[in-house]
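With compact mmCIF, C-alpha atoms inside, this is data_17.txt:
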# COMPACT_ATOMS: atom_id res chain seq x y z
CA MET A 1356 -18.74 -20.21 -17.34
CA THR A 1357 -19.30 -16.93 -19.15
CA ALA A 1358 -17.89 -13.92 -17.34
CA ARG A 1359 -20.45 -11.37 -16.23
CA MET A 1360 -20.27 -7.84 -17.58
CA TYR A 1361 -21.73 -4.97 -15.57
CA TYR A 1362 -23.55 -2.12 -17.27
CA ASP A 1363 -25.26 1.13 -16.29
CA GLN A 1364 -28.33 -0.68 -15.02
CA ASP A 1365 -26.17 -2.75 -12.66
CA THR A 1366 -24.77 0.26 -10.83
CA ASP A 1367 -26.05 2.91 -8.46
CA PRO A 1368 -24.43 6.31 -9.05
CA ALA A 1369 -25.82 7.39 -5.66
CA ALA A 1370 -23.11 5.23 -4.06
CA LEU A 1371 -20.77 8.17 -4.67
CA ALA A 1372 -23.28 10.88 -3.79
CA GLY A 1373 -21.61 13.56 -1.69
CA GLN A 1374 -18.21 11.90 -2.07
CA ARG A 1375 -15.21 14.10 -2.80
CA ILE A 1376 -12.94 12.53 -5.42
CA ALA A 1377 -9.24 13.30 -5.83
CA ILE A 1378 -7.52 12.36 -9.08
CA MET A 1379 -3.77 12.06 -8.60
CA GLY A 1380 -2.13 12.95 -11.89
CA TYR A 1381 -3.36 14.62 -15.06
CA GLY A 1382 -1.76 12.61 -17.84
CA SER A 1383 -3.41 10.28 -20.33
CA GLN A 1384 -5.75 8.57 -17.87
CA GLY A 1385 -5.84 11.35 -15.27
CA HIS A 1386 -7.35 14.00 -17.50
CA ALA A 1387 -9.96 11.56 -18.85
CA HIS A 1388 -11.06 10.35 -15.42
CA ALA A 1389 -11.21 13.87 -13.98
CA LEU A 1390 -13.21 15.35 -16.84
CA ASN A 1391 -15.58 12.39 -17.24
CA LEU A 1392 -16.33 12.27 -13.52
CA ARG A 1393 -16.84 16.03 -13.46
CA ASP A 1394 -19.22 15.82 -16.40
CA SER A 1395 -21.06 12.98 -14.66
CA GLY A 1396 -21.81 15.34 -11.78
CA HIS A 1397 -19.17 14.26 -9.27
CA ASP A 1398 -17.13 16.53 -7.02
CA VAL A 1399 -13.62 16.33 -8.47
CA ARG A 1400 -10.28 17.86 -7.63
CA VAL A 1401 -6.87 17.11 -9.14
CA GLY A 1402 -3.72 16.51 -7.09
CA LEU A 1403 -0.56 17.81 -8.76
CA PRO A 1404 2.77 19.08 -7.43
CA GLU A 1405 3.22 22.84 -7.62
CA THR A 1406 5.98 22.27 -10.18
CA SER A 1407 3.76 20.20 -12.50
CA GLY A 1408 3.34 21.51 -16.02
CA SER A 1409 -0.14 19.97 -16.10
CA ARG A 1410 -1.61 22.35 -13.51
CA ALA A 1411 -2.47 24.99 -16.12
CA ALA A 1412 -4.16 22.44 -18.41
CA ALA A 1413 -6.34 21.16 -15.56
CA ARG A 1414 -7.27 24.67 -14.46
CA ASP A 1415 -8.11 25.61 -18.05
CA GLU A 1416 -10.73 22.86 -17.95
CA GLY A 1417 -12.26 24.43 -14.84
CA LEU A 1418 -10.95 21.79 -12.44
CA ARG A 1419 -9.77 22.54 -8.92
CA VAL A 1420 -6.06 21.88 -8.63
CA LEU A 1421 -4.43 21.22 -5.28
CA THR A 1422 -1.16 19.73 -4.11
CA PRO A 1423 -1.38 15.93 -3.81
CA ALA A 1424 -1.37 16.14 -0.01
CA ASP A 1425 -4.15 18.74 0.10
CA ALA A 1426 -6.22 16.82 -2.45
CA ALA A 1427 -5.86 13.61 -0.44
CA ALA A 1428 -6.70 15.37 2.81
CA GLU A 1429 -10.09 16.57 1.62
CA ALA A 1430 -11.05 13.53 -0.45
CA ASP A 1431 -13.23 10.53 0.32
CA VAL A 1432 -12.06 8.71 -2.81
CA ILE A 1433 -8.47 8.90 -4.06
CA MET A 1434 -7.60 7.58 -7.52
CA VAL A 1435 -3.87 7.17 -8.23
CA LEU A 1436 -3.16 7.79 -11.92
CA ILE A 1437 0.57 8.42 -12.14
CA PRO A 1438 3.15 5.95 -13.51
CA ASP A 1439 3.70 2.76 -11.51
CA THR A 1440 7.25 3.70 -10.61
CA GLY A 1441 6.23 6.92 -8.88
CA GLN A 1442 3.23 5.65 -6.95
CA ARG A 1443 4.99 4.41 -3.81
CA ALA A 1444 6.72 7.78 -3.23
CA LEU A 1445 3.45 9.65 -3.81
CA TYR A 1446 1.61 7.32 -1.44
CA ASP A 1447 4.21 7.64 1.30
CA SER A 1448 4.53 11.42 1.07
CA ALA A 1449 1.05 12.67 0.29
CA ILE A 1450 -1.60 9.98 0.57
CA ALA A 1451 -0.79 7.79 3.58
CA PRO A 1452 -0.53 10.70 6.05
CA ASN A 1453 -3.98 11.90 4.97
CA LEU A 1454 -5.95 8.65 4.72
CA GLN A 1455 -8.96 8.47 6.99
CA PRO A 1456 -11.07 5.42 7.94
CA GLY A 1457 -13.77 4.97 5.34
CA ASN A 1458 -11.74 6.49 2.50
CA MET A 1459 -11.40 4.52 -0.73
CA LEU A 1460 -7.97 4.26 -2.35
CA MET A 1461 -8.18 3.40 -6.05
CA PHE A 1462 -5.81 2.39 -8.83
CA ALA A 1463 -6.08 1.83 -12.59
CA HIS A 1464 -3.40 -0.87 -12.52
CA GLY A 1465 -2.65 -3.31 -9.73
CA PHE A 1466 1.18 -3.34 -9.83
CA ASN A 1467 1.92 -1.55 -6.55
CA ILE A 1468 -0.69 -3.46 -4.56
CA ARG A 1469 0.06 -6.85 -6.16
CA PHE A 1470 3.78 -6.63 -5.42
CA GLY A 1471 3.47 -5.09 -1.97
CA LEU A 1472 4.99 -1.70 -2.72
CA ILE A 1473 1.92 -0.01 -1.23
CA ASN A 1474 0.20 -1.51 1.82
CA PRO A 1475 -2.91 0.49 2.76
CA PRO A 1476 -4.07 0.34 6.38
CA GLU A 1477 -7.13 -1.48 7.65
CA GLY A 1478 -10.26 0.64 7.64
CA VAL A 1479 -9.67 1.87 4.08
CA ASP A 1480 -11.34 0.46 0.97
CA VAL A 1481 -8.91 -0.51 -1.80
CA SER A 1482 -10.19 -1.00 -5.33
CA MET A 1483 -9.39 -0.68 -9.00
CA VAL A 1484 -11.04 0.59 -12.17
CA ALA A 1485 -8.89 -0.06 -15.24
CA PRO A 1486 -10.09 1.18 -18.63
CA LYS A 1487 -8.98 -1.06 -21.49
CA GLY A 1488 -8.00 1.84 -23.67
CA PRO A 1489 -5.81 4.96 -23.64
CA GLY A 1490 -7.02 8.09 -21.90
CA HIS A 1491 -7.84 10.02 -25.06
CA LEU A 1492 -10.21 7.21 -26.06
CA VAL A 1493 -11.76 7.10 -22.56
CA ARG A 1494 -12.50 10.80 -22.94
CA SER A 1495 -13.58 10.93 -26.60
CA THR A 1496 -15.94 7.96 -26.35
CA TYR A 1497 -17.50 9.42 -23.20
CA VAL A 1498 -18.12 12.74 -24.94
CA ALA A 1499 -19.70 10.80 -27.82
CA GLY A 1500 -22.08 9.09 -25.39
CA GLN A 1501 -20.21 5.80 -25.43
CA GLY A 1502 -17.35 4.30 -23.42
CA VAL A 1503 -14.53 1.77 -23.38
CA PRO A 1504 -14.66 -1.53 -21.47
CA ASN A 1505 -13.22 -1.49 -17.95
CA LEU A 1506 -11.95 -3.99 -15.44
CA PHE A 1507 -12.78 -3.55 -11.76
CA ALA A 1508 -11.60 -5.22 -8.58
CA VAL A 1509 -12.02 -4.84 -4.84
CA GLN A 1510 -8.93 -5.73 -2.83
CA GLN A 1511 -10.14 -4.55 0.57
CA ASP A 1512 -13.73 -3.77 1.58
CA ALA A 1513 -13.51 -2.08 4.96
CA THR A 1514 -16.79 -0.17 4.72
CA GLY A 1515 -19.05 -2.69 3.04
CA THR A 1516 -19.61 -0.14 0.26
CA ALA A 1517 -16.42 -0.65 -1.77
CA ARG A 1518 -18.03 -2.66 -4.53
CA ALA A 1519 -20.92 -0.25 -5.01
CA ARG A 1520 -18.62 2.77 -4.95
CA THR A 1521 -16.19 1.18 -7.39
CA LEU A 1522 -18.93 0.38 -9.88
CA ALA A 1523 -20.31 3.90 -9.48
CA TYR A 1524 -16.86 5.25 -10.28
CA ALA A 1525 -16.65 3.04 -13.39
CA ARG A 1526 -20.03 4.41 -14.43
CA GLY A 1527 -18.83 7.95 -13.83
CA ILE A 1528 -16.02 7.60 -16.38
CA GLY A 1529 -18.30 5.87 -18.92
CA GLY A 1530 -17.06 2.33 -18.43
CA THR A 1531 -20.44 0.74 -17.74
CA ARG A 1532 -21.73 2.00 -21.07
CA ALA A 1533 -19.40 -0.50 -22.75
CA GLY A 1534 -19.27 -3.08 -19.96
CA VAL A 1535 -17.15 -3.68 -16.86
CA LEU A 1536 -15.61 -7.05 -16.02
CA GLU A 1537 -14.76 -8.10 -12.46
CA THR A 1538 -11.24 -9.32 -11.75
CA THR A 1539 -8.65 -9.22 -8.96
CA PHE A 1540 -5.56 -7.09 -8.49
CA ALA A 1541 -3.36 -10.13 -9.04
CA GLU A 1542 -5.15 -11.30 -12.19
CA GLU A 1543 -5.21 -7.83 -13.76
CA THR A 1544 -1.56 -7.15 -13.00
CA GLU A 1545 -0.22 -10.50 -14.13
CA THR A 1546 -2.22 -10.69 -17.36
CA ASP A 1547 -1.50 -7.05 -18.20
CA LEU A 1548 2.25 -7.47 -17.79
CA PHE A 1549 2.22 -10.75 -19.70
CA GLY A 1550 0.20 -9.27 -22.56
CA GLU A 1551 2.59 -6.33 -22.87
CA GLN A 1552 5.72 -8.45 -22.78
CA ALA A 1553 4.76 -11.55 -24.73
CA VAL A 1554 2.38 -10.16 -27.34
CA LEU A 1555 1.36 -6.52 -27.52
CA CYS A 1556 4.72 -4.77 -27.14
CA GLY A 1557 7.64 -7.17 -26.75
CA GLY A 1558 6.28 -9.95 -28.93
CA VAL A 1559 4.96 -7.82 -31.78
CA SER A 1560 7.94 -5.45 -31.96
CA SER A 1561 10.43 -8.33 -31.97
CA LEU A 1562 8.42 -10.21 -34.60
CA VAL A 1563 8.28 -7.12 -36.83
CA LYS A 1564 12.02 -6.46 -36.51
CA ALA A 1565 12.86 -10.11 -37.19
CA GLY A 1566 10.66 -10.18 -40.28
CA PHE A 1567 12.15 -6.93 -41.59
CA THR A 1568 15.72 -8.12 -41.05
CA THR A 1569 15.03 -11.49 -42.67
CA LEU A 1570 13.76 -9.85 -45.86
CA VAL A 1571 16.46 -7.19 -46.04
CA ASP A 1572 19.25 -9.70 -45.40
CA ALA A 1573 17.83 -11.79 -48.25
CA GLY A 1574 18.28 -8.84 -50.61
CA TYR A 1575 14.79 -7.36 -50.74
CA GLN A 1576 14.22 -3.61 -50.73
CA PRO A 1577 13.95 -2.21 -47.17
CA GLU A 1578 10.95 -0.13 -48.17
CA LEU A 1579 9.12 -3.20 -49.47
CA ALA A 1580 10.03 -5.11 -46.31
CA TYR A 1581 8.61 -2.27 -44.20
CA PHE A 1582 5.30 -2.33 -46.06
CA GLU A 1583 4.99 -6.10 -45.71
CA VAL A 1584 5.79 -6.53 -42.01
CA MET A 1585 4.95 -3.14 -40.42
CA HIS A 1586 2.62 -1.02 -42.51
CA GLU A 1587 0.11 -3.77 -43.22
CA LEU A 1588 0.06 -4.87 -39.59
CA LYS A 1589 -2.61 -2.25 -38.85
CA LEU A 1590 -4.92 -3.79 -41.45
CA ILE A 1591 -4.64 -7.21 -39.83
CA VAL A 1592 -5.01 -5.92 -36.27
CA ASP A 1593 -8.05 -3.84 -37.23
CA LEU A 1594 -9.72 -6.92 -38.70
CA MET A 1595 -9.00 -8.89 -35.53
CA TYR A 1596 -10.28 -5.99 -33.41
CA GLN A 1597 -13.54 -5.92 -35.34
CA GLY A 1598 -14.25 -9.63 -35.64
CA GLY A 1599 -11.58 -11.79 -34.08
CA LEU A 1600 -9.22 -14.19 -35.80
CA SER A 1601 -12.02 -15.75 -37.84
CA TYR A 1602 -13.05 -12.41 -39.38
CA MET A 1603 -9.43 -11.59 -40.19
CA ARG A 1604 -9.04 -14.94 -41.95
CA TYR A 1605 -12.35 -14.45 -43.77
CA SER A 1606 -11.17 -11.03 -44.98
CA VAL A 1607 -7.71 -11.93 -46.28
CA SER A 1608 -6.94 -14.08 -49.31
CA ASP A 1609 -7.15 -17.85 -49.20
CA THR A 1610 -3.41 -17.91 -49.84
CA ALA A 1611 -2.79 -15.77 -46.76
CA GLU A 1612 -5.14 -17.92 -44.71
CA TYR A 1613 -3.38 -21.12 -45.82
CA GLY A 1614 -0.01 -19.59 -44.92
CA ASP A 1615 -1.45 -18.65 -41.52
CA TYR A 1616 -2.33 -22.27 -40.78
CA THR A 1617 0.88 -23.81 -42.12
CA SER A 1618 3.55 -21.30 -41.08
CA GLY A 1619 2.19 -19.61 -37.96
CA PRO A 1620 2.83 -22.69 -35.76
CA LYS A 1621 6.40 -22.85 -37.10
CA VAL A 1622 7.11 -19.26 -36.02
CA ILE A 1623 5.35 -19.60 -32.67
CA ASP A 1624 6.60 -23.07 -31.84
CA GLU A 1625 7.05 -25.05 -28.63
CA ARG A 1626 10.21 -23.14 -27.76
CA VAL A 1627 8.36 -19.82 -27.99
CA ARG A 1628 5.47 -21.16 -25.92
CA ALA A 1629 7.96 -22.37 -23.29
CA THR A 1630 9.49 -18.90 -23.25
CA MET A 1631 6.05 -17.37 -22.75
CA LYS A 1632 5.45 -19.67 -19.79
CA SER A 1633 8.79 -18.60 -18.35
CA LEU A 1634 7.85 -14.93 -18.74
CA LEU A 1635 4.57 -15.56 -16.97
CA THR A 1636 6.33 -17.37 -14.13
CA ASP A 1637 8.70 -14.43 -13.65
CA ILE A 1638 5.70 -12.11 -13.47
CA GLN A 1639 3.77 -14.31 -11.06
CA ASN A 1640 6.64 -14.87 -8.62
CA GLY A 1641 7.69 -11.22 -8.57
CA THR A 1642 11.00 -11.62 -10.43
CA PHE A 1643 10.06 -9.12 -13.12
CA ALA A 1644 8.74 -6.59 -10.60
CA LYS A 1645 11.94 -6.80 -8.52
CA ARG A 1646 14.04 -6.34 -11.66
CA TRP A 1647 12.02 -3.32 -12.82
CA ILE A 1648 12.06 -1.73 -9.36
CA ALA A 1649 15.84 -2.21 -9.11
CA GLU A 1650 16.29 -0.73 -12.59
CA ASN A 1651 14.49 2.43 -11.50
CA GLU A 1652 16.36 2.66 -8.21
CA ASP A 1653 19.65 2.45 -10.15
CA GLY A 1654 18.65 5.31 -12.47
CA ARG A 1655 17.41 3.20 -15.39
CA PRO A 1656 20.82 2.57 -17.04
CA ASN A 1657 19.69 -0.45 -19.09
CA PHE A 1658 16.31 1.08 -19.92
CA VAL A 1659 17.91 4.24 -21.32
CA GLU A 1660 20.45 2.26 -23.34
CA TRP A 1661 17.82 -0.08 -24.78
CA ARG A 1662 15.48 2.79 -25.63
CA ASP A 1663 18.23 4.63 -27.53
CA GLU A 1664 19.24 1.45 -29.36
CA GLU A 1665 15.67 0.72 -30.43
CA LEU A 1666 15.08 4.30 -31.58
CA HIS A 1667 17.85 3.83 -34.13
CA GLN A 1668 16.93 0.46 -35.61
CA PRO A 1669 17.13 0.41 -39.45
CA ILE A 1670 13.38 -0.17 -39.71
CA GLU A 1671 12.81 3.12 -37.88
CA GLN A 1672 14.65 5.19 -40.49
CA VAL A 1673 12.94 3.42 -43.38
CA GLY A 1674 9.56 3.84 -41.71
CA ALA A 1675 10.13 7.52 -40.91
CA ASP A 1676 11.00 8.27 -44.55
CA LEU A 1677 7.98 6.39 -45.91
CA ARG A 1678 5.48 7.80 -43.40
CA ALA A 1679 6.63 11.34 -44.19
CA LYS A 1680 5.42 10.82 -47.76
CA MET A 1681 1.94 9.66 -46.68
CA ALA A 1682 0.20 12.90 -45.71
CA TRP A 1683 -3.07 11.13 -45.05
CA LEU A 1684 -1.45 9.02 -42.34
CA GLY A 1685 -0.98 11.75 -39.75
CA ALA A 1686 2.54 10.47 -39.09
CA LYS A 1687 4.02 11.01 -35.64
CA THR A 1688 7.57 10.92 -34.33
CA ALA A 1689 8.57 9.86 -30.83
CA PRO A 1690 10.91 12.14 -28.89
CA GLY A 1691 14.50 11.27 -29.78
CA ALA A 1692 13.51 9.09 -32.74
CA VAL A 1693 15.15 9.31 -36.15
CA GLN A 1694 13.75 12.02 -38.39
CA PRO A 1695 12.65 11.56 -42.01
CA ALA A 1696 15.48 12.15 -44.49
CA GLY A 1697 15.70 15.86 -45.26
CA ALA A 1698 13.74 16.93 -42.18
CA SER A 1699 14.97 19.82 -40.09
CA PRO A 1700 16.81 18.59 -36.98
CA GLU A 1701 14.98 18.76 -33.67
CA PRO A 1702 15.88 21.83 -31.60
CA SER A 1703 18.38 21.07 -28.88
How does this structure look as structure tokens?
Amino acid sequence: MTARMYYDQDTDPAALAGQRIAIMGYGSQGHAHALNLRDSGHDVRVGLPETSGSRAAARDEGLRVLTPADAAAEADVIMVLIPDTGQRALYDSAIAPNLQPGNMLMFAHGFNIRFGLINPPEGVDVSMVAPKGPGHLVRSTYVAGQGVPNLFAVQQDATGTARARTLAYARGIGGTRAGVLETTFAEETETDLFGEQAVLCGGVSSLVKAGFTTLVDAGYQPELAYFEVMHELKLIVDLMYQGGLSYMRYSVSDTAEYGDYTSGPKVIDERVRATMKSLLTDIQNGTFAKRWIAENEDGRPNFVEWRDEELHQPIEQVGADLRAKMAWLGAKTAPGAVQPAGASPEPS
């Protein structure tokens, strides 16, 4: 059965008429949601701690900025757009004491609801609108009259209006221009975590590092290895993005396509597929969530160590030096990452 996509014509923006919306956070997603909703004619305020460095940026855009507690207290709809690991504390301190029957509590990722870190009371709608793109793209496509696809889900419909209000919200940020797909909190959370770990972040980065090391250990130039396994990855991903695997294979050489068919299954073999299934099981049964929560409660000792180790992988130095020579690339450097050879050291 083909999944149904919802578009502008499937929504009623009047479902949010007169509703006061509080956006908690003003980072990548927060700024995009707040500005898009504001430009769609909704009554928006932003909830930020008085110590937040983002307060000035939000005010500069003409948005009302309140403390999280004050924003929650006057809102009918509360969208939580801060990192997963901070949501429970924000909910307990600022949102829960101010929730009123009939309010709608919203998320852009289901982690805290799926794993029981946040348990909203009865009488409150609980829903999700999750753009499938970073905040800057949510904002720029909206300004251009377009949008990025969204997922939406209703976990708890206390008022009978949760679905209509959620779709109206998705329309307000531009999602229904591109299409909105219905899901559940569990499905969104589990597939999102799996995609990040097995393919998009963990899988790809490990595959790139392994390919680079294999070539360098065999005596090939590190710079050449970088071009082959990292630099050209964007070309392949862009082709997949535009037309799927078939368009990528149509666009590359026949030699590359033949190698895809013969060698791809050797790299991603039954052992790798079994590992993927194990990762998914850990996500589904809460093992990963418990491990990540414990890591944060302990002060992130492993996370910090792994991040520092990865920032100083040999491929990072080679890549930094090469990217610095490609002015057209618009090269960027992550905080703490190795600098291109000859670059001035970062200020301490």
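Take the candidates A:Gly1502, A:Gly1465, A:Gly1530, A:Pro1577 and check each one against Lys1564 (chain A) using all atoms listed in the file; the shortest distance goes to A:Pro1577.
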Practice problem: Determine, counting all atoms listed in the file, which protein, DNA and RNA residues have an atom within 6 Å of an atom of region 1429-1441 of chain A; residues of the same chain fewer than 5 positions away are not included. Present the result as a list in words. | Solution: Gln1374, Arg1375, Ile1376, Ala1377, Ile1378, Met1379, Gly1380, Gly1385, Asn1458, Met1459, Leu1460, Met1461 and Phe1462 of chain A
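Minimum atom-to-atom distances from A:Gly1574, A:Gly1598, A:Gly1490, A:Gly1417 to Gln1384 (chain A) were compared using all atoms listed in the file, and the lowest value belongs to A:Gly1490.
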Quiz prompt | Top pick for closest residue to Met1585 (chain A), considering A:Glu1660, A:Glu1612, A:Glu1671, A:Glu1625 and counting all atoms listed in the file | solution = A:Glu1671
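Compared by their closest atoms to Arg1494 (chain A), and using all atoms listed in the file, the residues A:Val1420, A:Ala1686, A:Val1401, A:Gly1527 rank with A:Gly1527 nearest.
If you look at CA of Asp1367 (chain A) and CA of Leu1454 (chain A), they are 24.7 Å away from each other.
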Would you mind completing region 1595-1607 of chain A so that it carries N, CA, C and O atoms, and writing it out as a compact mmCIF listing (two decimals), in the coordinates of the input?
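In the end it all went to result_18.txt:
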# COMPACT_ATOMS: atom_id res chain seq x y z
N MET A 1595 -8.87 -8.11 -36.76
CA MET A 1595 -9.00 -8.89 -35.53
C MET A 1595 -9.83 -8.14 -34.49
O MET A 1595 -10.69 -8.71 -33.81
N TYR A 1596 -9.58 -6.85 -34.37
CA TYR A 1596 -10.28 -5.99 -33.41
C TYR A 1596 -11.78 -5.99 -33.67
O TYR A 1596 -12.59 -6.03 -32.76
N GLN A 1597 -12.13 -5.99 -34.96
CA GLN A 1597 -13.54 -5.92 -35.34
C GLN A 1597 -14.25 -7.26 -35.25
O GLN A 1597 -15.44 -7.31 -34.90
N GLY A 1598 -13.55 -8.35 -35.57
CA GLY A 1598 -14.25 -9.63 -35.64
C GLY A 1598 -13.47 -10.85 -35.22
O GLY A 1598 -13.89 -11.98 -35.54
N GLY A 1599 -12.35 -10.65 -34.54
CA GLY A 1599 -11.58 -11.79 -34.08
C GLY A 1599 -10.74 -12.42 -35.18
O GLY A 1599 -10.70 -11.95 -36.32
N LEU A 1600 -10.08 -13.51 -34.84
CA LEU A 1600 -9.22 -14.19 -35.80
C LEU A 1600 -10.02 -14.71 -37.00
O LEU A 1600 -9.56 -14.69 -38.14
N SER A 1601 -11.23 -15.18 -36.74
CA SER A 1601 -12.02 -15.75 -37.84
C SER A 1601 -12.39 -14.69 -38.87
O SER A 1601 -12.37 -14.96 -40.08
N TYR A 1602 -12.71 -13.47 -38.43
CA TYR A 1602 -13.05 -12.41 -39.38
C TYR A 1602 -11.82 -11.96 -40.16
O TYR A 1602 -11.91 -11.66 -41.36
N MET A 1603 -10.67 -11.93 -39.49
CA MET A 1603 -9.43 -11.59 -40.19
C MET A 1603 -9.18 -12.61 -41.30
O MET A 1603 -8.90 -12.25 -42.44
N ARG A 1604 -9.31 -13.90 -40.96
CA ARG A 1604 -9.04 -14.94 -41.95
C ARG A 1604 -10.08 -14.93 -43.08
O ARG A 1604 -9.76 -15.22 -44.23
N TYR A 1605 -11.30 -14.58 -42.75
CA TYR A 1605 -12.35 -14.45 -43.77
C TYR A 1605 -12.03 -13.31 -44.73
O TYR A 1605 -12.34 -13.38 -45.92
N SER A 1606 -11.38 -12.25 -44.20
CA SER A 1606 -11.17 -11.03 -44.98
C SER A 1606 -9.93 -11.07 -45.85
O SER A 1606 -9.86 -10.37 -46.86
N VAL A 1607 -8.93 -11.87 -45.48
CA VAL A 1607 -7.71 -11.93 -46.28
C VAL A 1607 -7.88 -12.98 -47.38
O VAL A 1607 -8.90 -13.67 -47.45
